[in-house]
Amino acid sequence: MAIIKSNTVNIKLAVNKLQDGELVAFPTETVYGLGADGLNEIAVSKIFEAKQRPSFNPLILHVSSLEMLSDVASFTSDKIRLLTDKFWPGPLTLVLKKKDVVPYIVTSGLDTVAVRMPANNVALDLIEYFGKPVAAPSANSFSQLSPTEAEHVEKQLGDKVDIILDGGRCKVGVESTIIEVAENSQVLLRPGGITRKEIEELIGPLSDPAITEQSPNSPGQLKIHYAPNIPINFYDESELTNYKNLKLGGIFFSEVKNHKKFEITKLLSPKREMHEAASNLFSHLHDLEQLDLDMILVERVPKKDLGIAIMDRLTKAVNKYL
Ligand code: TXA
Ligand code: MG
């Protein structure tokens with residue numbers, strides 16, 4: 001049985017696995033991560049293999065202290081200090097200049113490394129006891145839904161990982177925001193659990209990444225991602241006639257519409273509140289994915305605050321089936 005309670009004894013079992021160069025799945029406040037010793041090339045290569053993840057897609061190193069950050073990345077900008085003071089531990093990933101100890105397999109050959117300190121005590125204990133940064137992508141198969149519960153990990157990777165530490169449902173529910181901060185630029189690479197507005201209030205305007213076909217390295221540039229394994233499209237009342245005779249599942253923002261057309265419906269946030277909506281997003285998609293449906297229709301949410309990250313994930317899921 002891969003899923004185990006996240007008590008101290010089991011966290012230490014997981015640490016042993018990391019020391020042996022093996023993989024463990026663990027909870028963070030955003031989504032579950034598939035972790036390996038971030039400074040061990042062979043261990044890290046197992047992550048790519050288990051996820052069937054393309055090697056051009058670099059990983060995030062998870063740290064439990066600012067010392068650990070300084071061990072793997074160098075930076076001079078005072079803004080980094082401001083950001084870590086305000087948002088760490090929390091769903092903000094910083095892309096910084098890497099130090100030599102970080103193997104290129106982690107960064108997919110880039111001279112920068114992505115680092116974050118997760119706001120989850122199980123994750124922090126795991127990293128702290130291990131004493132080194134833990135490389136971890138979301139614990140899903142490549143381009144599938146991100147996991148927000150231990151069972152989601154087991155469903156996708158149960159045969160590839162011995163230990164899944166169960167920390168319950170992830171509080172934030174969408175991945176971290178990723179920004180790259182260098183001397184003369186600050187770029188929002190992926191919208192996520194901390195809003196653009198919150199960051200800009202602290203360090204000034206962020207720019208958007210220059211999109212080039214040659215550099216799929218930056219996150220958010222893969223147009224297809226996070227997709228359920230049954231077709232998904234945005235809900236549009238005028239298009240419902242196109243889906244006649246299909247078994248539909250519906251995900252609505254705060255109230256169900258045309259409920260008679262659906263086999264089952266779910267609400268992201270009865271309170272119309274974006275944190276609640278984000279925390280339900282992937283678990284609703286996982287739930288519907290397991291049912292015998294022909295299609296999922298999901299209502300757009302307002303593109304403000306966390307709604308930007310939610311719409312980013314949903315658009316990528318829909319793109320898979322266009
Ligand atoms: O919330 C999260 O960030 C979760 C939890 C487990 O921490 N992790 C996560 O990892 O979402 P993953 O691997 O699914 O997404 C990491 C993203 C990728 O899109 C990758 O391209 C980007 O981070 N990334 C990593 N290193 C980078 C770098 N040096 N430069 C630009 N992007 C980088
Ligand atoms: Mg992912």
# chains A, B, ... in the order shown; residues from 1 in each chain; ligands from 1

$ residues_around --residues "region 164-172 of chain A" --least-positions-apart "4" --cutoff "8 Å" --atoms "only C-alpha atoms" --output "ChimeraX atom specification"
/A:2-6,10-11,14,24-32,122,148-150,153-154,193,275,278-279

$ write_last_selection --atoms "N, CA, C and O atoms" --output "CSV table (one decimal), in the first residue's frame"
chain,number,residue,atom,x,y,z
A,2,ALA,N,0.7,2.0,-1.0
A,2,ALA,CA,1.6,3.2,-1.1
A,2,ALA,C,1.2,4.4,-0.2
A,2,ALA,O,2.1,5.1,0.3
A,3,ILE,N,-0.1,4.6,0.1
A,3,ILE,CA,-0.5,5.7,0.9
A,3,ILE,C,-0.2,5.5,2.3
A,3,ILE,O,-0.8,4.5,2.9
A,4,ILE,N,0.5,6.3,3.0
A,4,ILE,CA,0.7,6.2,4.5
A,4,ILE,C,0.5,7.6,5.1
A,4,ILE,O,0.6,8.6,4.5
A,5,LYS,N,0.1,7.5,6.4
A,5,LYS,CA,-0.2,8.7,7.2
A,5,LYS,C,1.1,9.5,7.3
A,5,LYS,O,2.2,9.0,7.4
A,6,SER,N,1.0,10.8,7.4
A,6,SER,CA,2.2,11.6,7.4
A,6,SER,C,2.6,12.0,8.9
A,6,SER,O,2.7,13.1,9.2
A,10,ASN,N,6.7,8.0,9.7
A,10,ASN,CA,6.6,7.8,8.3
A,10,ASN,C,7.3,8.8,7.4
A,10,ASN,O,7.9,8.6,6.4
A,11,ILE,N,7.4,10.1,8.0
A,11,ILE,CA,8.1,11.1,7.3
A,11,ILE,C,9.6,10.7,7.3
A,11,ILE,O,10.3,10.8,6.3
A,14,ALA,N,10.2,8.1,4.7
A,14,ALA,CA,10.3,8.8,3.4
A,14,ALA,C,11.7,9.4,3.2
A,14,ALA,O,12.3,9.4,2.1
A,24,VAL,N,9.6,9.8,-3.5
A,24,VAL,CA,8.4,9.8,-2.5
A,24,VAL,C,7.5,10.9,-3.0
A,24,VAL,O,7.9,11.9,-3.5
A,25,ALA,N,6.2,10.6,-2.8
A,25,ALA,CA,5.2,11.6,-3.0
A,25,ALA,C,4.8,12.3,-1.7
A,25,ALA,O,4.6,11.6,-0.7
A,26,PHE,N,4.6,13.6,-1.7
A,26,PHE,CA,4.3,14.3,-0.5
A,26,PHE,C,3.4,15.5,-0.7
A,26,PHE,O,3.4,16.0,-1.8
A,27,PRO,N,2.7,15.9,0.3
A,27,PRO,CA,1.7,17.0,0.1
A,27,PRO,C,2.5,18.3,0.2
A,27,PRO,O,3.5,18.5,0.9
A,28,THR,N,2.0,19.3,-0.6
A,28,THR,CA,2.3,20.7,-0.3
A,28,THR,C,1.0,21.5,-0.2
A,28,THR,O,0.0,20.9,-0.4
A,29,GLU,N,1.1,22.8,0.0
A,29,GLU,CA,-0.1,23.5,0.1
A,29,GLU,C,-0.8,23.7,-1.3
A,29,GLU,O,-2.0,24.0,-1.4
A,30,THR,N,0.0,23.5,-2.4
A,30,THR,CA,-0.6,23.7,-3.7
A,30,THR,C,-1.1,22.4,-4.3
A,30,THR,O,-2.3,22.2,-4.5
A,31,VAL,N,-0.2,21.5,-4.6
A,31,VAL,CA,-0.6,20.2,-5.1
A,31,VAL,C,0.4,19.2,-4.6
A,31,VAL,O,1.4,19.6,-4.0
A,32,TYR,N,0.2,17.9,-4.7
A,32,TYR,CA,1.2,16.9,-4.2
A,32,TYR,C,2.4,16.9,-5.2
A,32,TYR,O,2.3,17.1,-6.4
A,122,VAL,N,4.2,19.0,6.6
A,122,VAL,CA,4.8,17.7,6.2
A,122,VAL,C,5.9,17.9,5.3
A,122,VAL,O,7.0,17.3,5.4
A,148,THR,N,-4.4,16.8,-6.0
A,148,THR,CA,-4.6,17.6,-4.7
A,148,THR,C,-5.0,16.7,-3.6
A,148,THR,O,-5.3,17.2,-2.5
A,149,GLU,N,-5.0,15.4,-3.8
A,149,GLU,CA,-5.3,14.4,-2.7
A,149,GLU,C,-4.4,13.2,-2.9
A,149,GLU,O,-4.0,12.9,-4.0
A,150,ALA,N,-4.0,12.5,-1.8
A,150,ALA,CA,-3.1,11.4,-1.9
A,150,ALA,C,-3.7,10.3,-2.9
A,150,ALA,O,-2.9,9.7,-3.7
A,153,VAL,N,-2.7,10.8,-6.5
A,153,VAL,CA,-1.4,10.4,-6.8
A,153,VAL,C,-1.4,8.8,-7.0
A,153,VAL,O,-0.8,8.4,-8.0
A,154,GLU,N,-2.0,8.1,-6.1
A,154,GLU,CA,-2.1,6.7,-6.3
A,154,GLU,C,-2.7,6.3,-7.6
A,154,GLU,O,-2.2,5.3,-8.3
A,193,GLY,N,-0.7,30.3,-7.2
A,193,GLY,CA,-1.4,30.6,-5.9
A,193,GLY,C,-1.2,31.9,-5.3
A,193,GLY,O,-1.9,32.3,-4.4
A,275,HIS,N,-10.4,31.6,-3.7
A,275,HIS,CA,-9.6,30.6,-3.0
A,275,HIS,C,-10.3,29.3,-2.9
A,275,HIS,O,-9.7,28.2,-3.1
A,278,ALA,N,-10.3,27.7,-6.4
A,278,ALA,CA,-9.0,27.0,-6.7
A,278,ALA,C,-8.8,25.7,-6.0
A,278,ALA,O,-8.4,24.7,-6.6
A,279,SER,N,-9.2,25.7,-4.7
A,279,SER,CA,-9.0,24.5,-3.9
A,279,SER,C,-9.9,23.3,-4.4
A,279,SER,O,-9.6,22.2,-4.2

$ residues_near_ligand --ligand "ligand 2" --cutoff "10 Å" --atoms "only C-alpha atoms and all ligand atoms" --output "ChimeraX atom specification"
/A:31-34,51,53,57,59,136-147,174-176,219,225-226

$ closest_residue --among "A:Leu306, A:Ile232, A:Leu23, A:Met117" --to "Asp162 (chain A)" --atoms "only C-alpha atoms"
A:Leu23

$ select_by_dssp --residues "region 34-255 of chain A" --states "strand (DSSP E)" --output "PyMOL selection string"
chain A and resi 34-37+60-62+73-74+92-98+112-116+134-135+163-166+177-181+186-190+232-234+248-252

$ write_last_selection --atoms "C-alpha atoms" --output "PDB file, in the first residue's frame"
ATOM      1  CA  LEU A  34       6.834  13.723  -6.596  1.00  0.00           C
ATOM      2  CA  GLY A  35      10.108  14.217  -4.755  1.00  0.00           C
ATOM      3  CA  ALA A  36      13.701  13.076  -5.144  1.00  0.00           C
ATOM      4  CA  ASP A  37      17.092  14.171  -3.804  1.00  0.00           C
ATOM      5  CA  ILE A  60      11.452  23.063  -8.876  1.00  0.00           C
ATOM      6  CA  LEU A  61      13.756  22.594  -5.861  1.00  0.00           C
ATOM      7  CA  HIS A  62      11.880  22.688  -2.551  1.00  0.00           C
ATOM      8  CA  ALA A  73      20.970  29.864  -6.019  1.00  0.00           C
ATOM      9  CA  SER A  74      22.756  33.187  -6.144  1.00  0.00           C
ATOM     10  CA  LEU A  92       5.682  31.416  -4.929  1.00  0.00           C
ATOM     11  CA  THR A  93       8.546  29.918  -6.956  1.00  0.00           C
ATOM     12  CA  LEU A  94      11.600  32.044  -7.712  1.00  0.00           C
ATOM     13  CA  VAL A  95      13.749  31.418 -10.779  1.00  0.00           C
ATOM     14  CA  LEU A  96      17.296  32.525  -9.945  1.00  0.00           C
ATOM     15  CA  LYS A  97      20.857  31.966 -11.113  1.00  0.00           C
ATOM     16  CA  LYS A  98      21.846  28.416 -10.211  1.00  0.00           C
ATOM     17  CA  THR A 112      18.754  29.215 -13.711  1.00  0.00           C
ATOM     18  CA  VAL A 113      17.019  27.147 -11.054  1.00  0.00           C
ATOM     19  CA  ALA A 114      13.451  27.332  -9.736  1.00  0.00           C
ATOM     20  CA  VAL A 115      13.158  27.270  -5.927  1.00  0.00           C
ATOM     21  CA  ARG A 116      10.303  27.458  -3.483  1.00  0.00           C
ATOM     22  CA  VAL A 134      13.965  18.113  -2.720  1.00  0.00           C
ATOM     23  CA  ALA A 135      13.300  18.300  -6.454  1.00  0.00           C
ATOM     24  CA  ILE A 163       5.567   6.022  -0.439  1.00  0.00           C
ATOM     25  CA  ILE A 164       2.772   8.551  -0.761  1.00  0.00           C
ATOM     26  CA  LEU A 165       2.615  10.651   2.404  1.00  0.00           C
ATOM     27  CA  ASP A 166      -1.034  11.512   3.004  1.00  0.00           C
ATOM     28  CA  THR A 177       3.172  31.252  -9.146  1.00  0.00           C
ATOM     29  CA  ILE A 178       6.557  31.286 -10.898  1.00  0.00           C
ATOM     30  CA  ILE A 179       8.542  34.476 -11.409  1.00  0.00           C
ATOM     31  CA  GLU A 180      12.036  35.005 -12.744  1.00  0.00           C
ATOM     32  CA  VAL A 181      13.814  37.885 -11.042  1.00  0.00           C
ATOM     33  CA  GLN A 186      11.153  40.477 -13.549  1.00  0.00           C
ATOM     34  CA  VAL A 187       8.901  38.147 -15.459  1.00  0.00           C
ATOM     35  CA  LEU A 188       5.739  36.260 -14.548  1.00  0.00           C
ATOM     36  CA  LEU A 189       6.341  32.768 -15.950  1.00  0.00           C
ATOM     37  CA  ARG A 190       3.279  30.978 -14.586  1.00  0.00           C
ATOM     38  CA  ILE A 232     -13.467  18.954 -21.722  1.00  0.00           C
ATOM     39  CA  ASN A 233     -14.771  22.228 -23.109  1.00  0.00           C
ATOM     40  CA  PHE A 234     -15.991  25.530 -21.737  1.00  0.00           C
ATOM     41  CA  LEU A 248     -22.321  15.466 -19.705  1.00  0.00           C
ATOM     42  CA  GLY A 249     -20.645  16.415 -16.454  1.00  0.00           C
ATOM     43  CA  GLY A 250     -20.790  20.087 -15.506  1.00  0.00           C
ATOM     44  CA  ILE A 251     -18.505  22.205 -13.350  1.00  0.00           C
ATOM     45  CA  PHE A 252     -19.968  25.608 -12.566  1.00  0.00           C
TER      46      PHE A 252
END
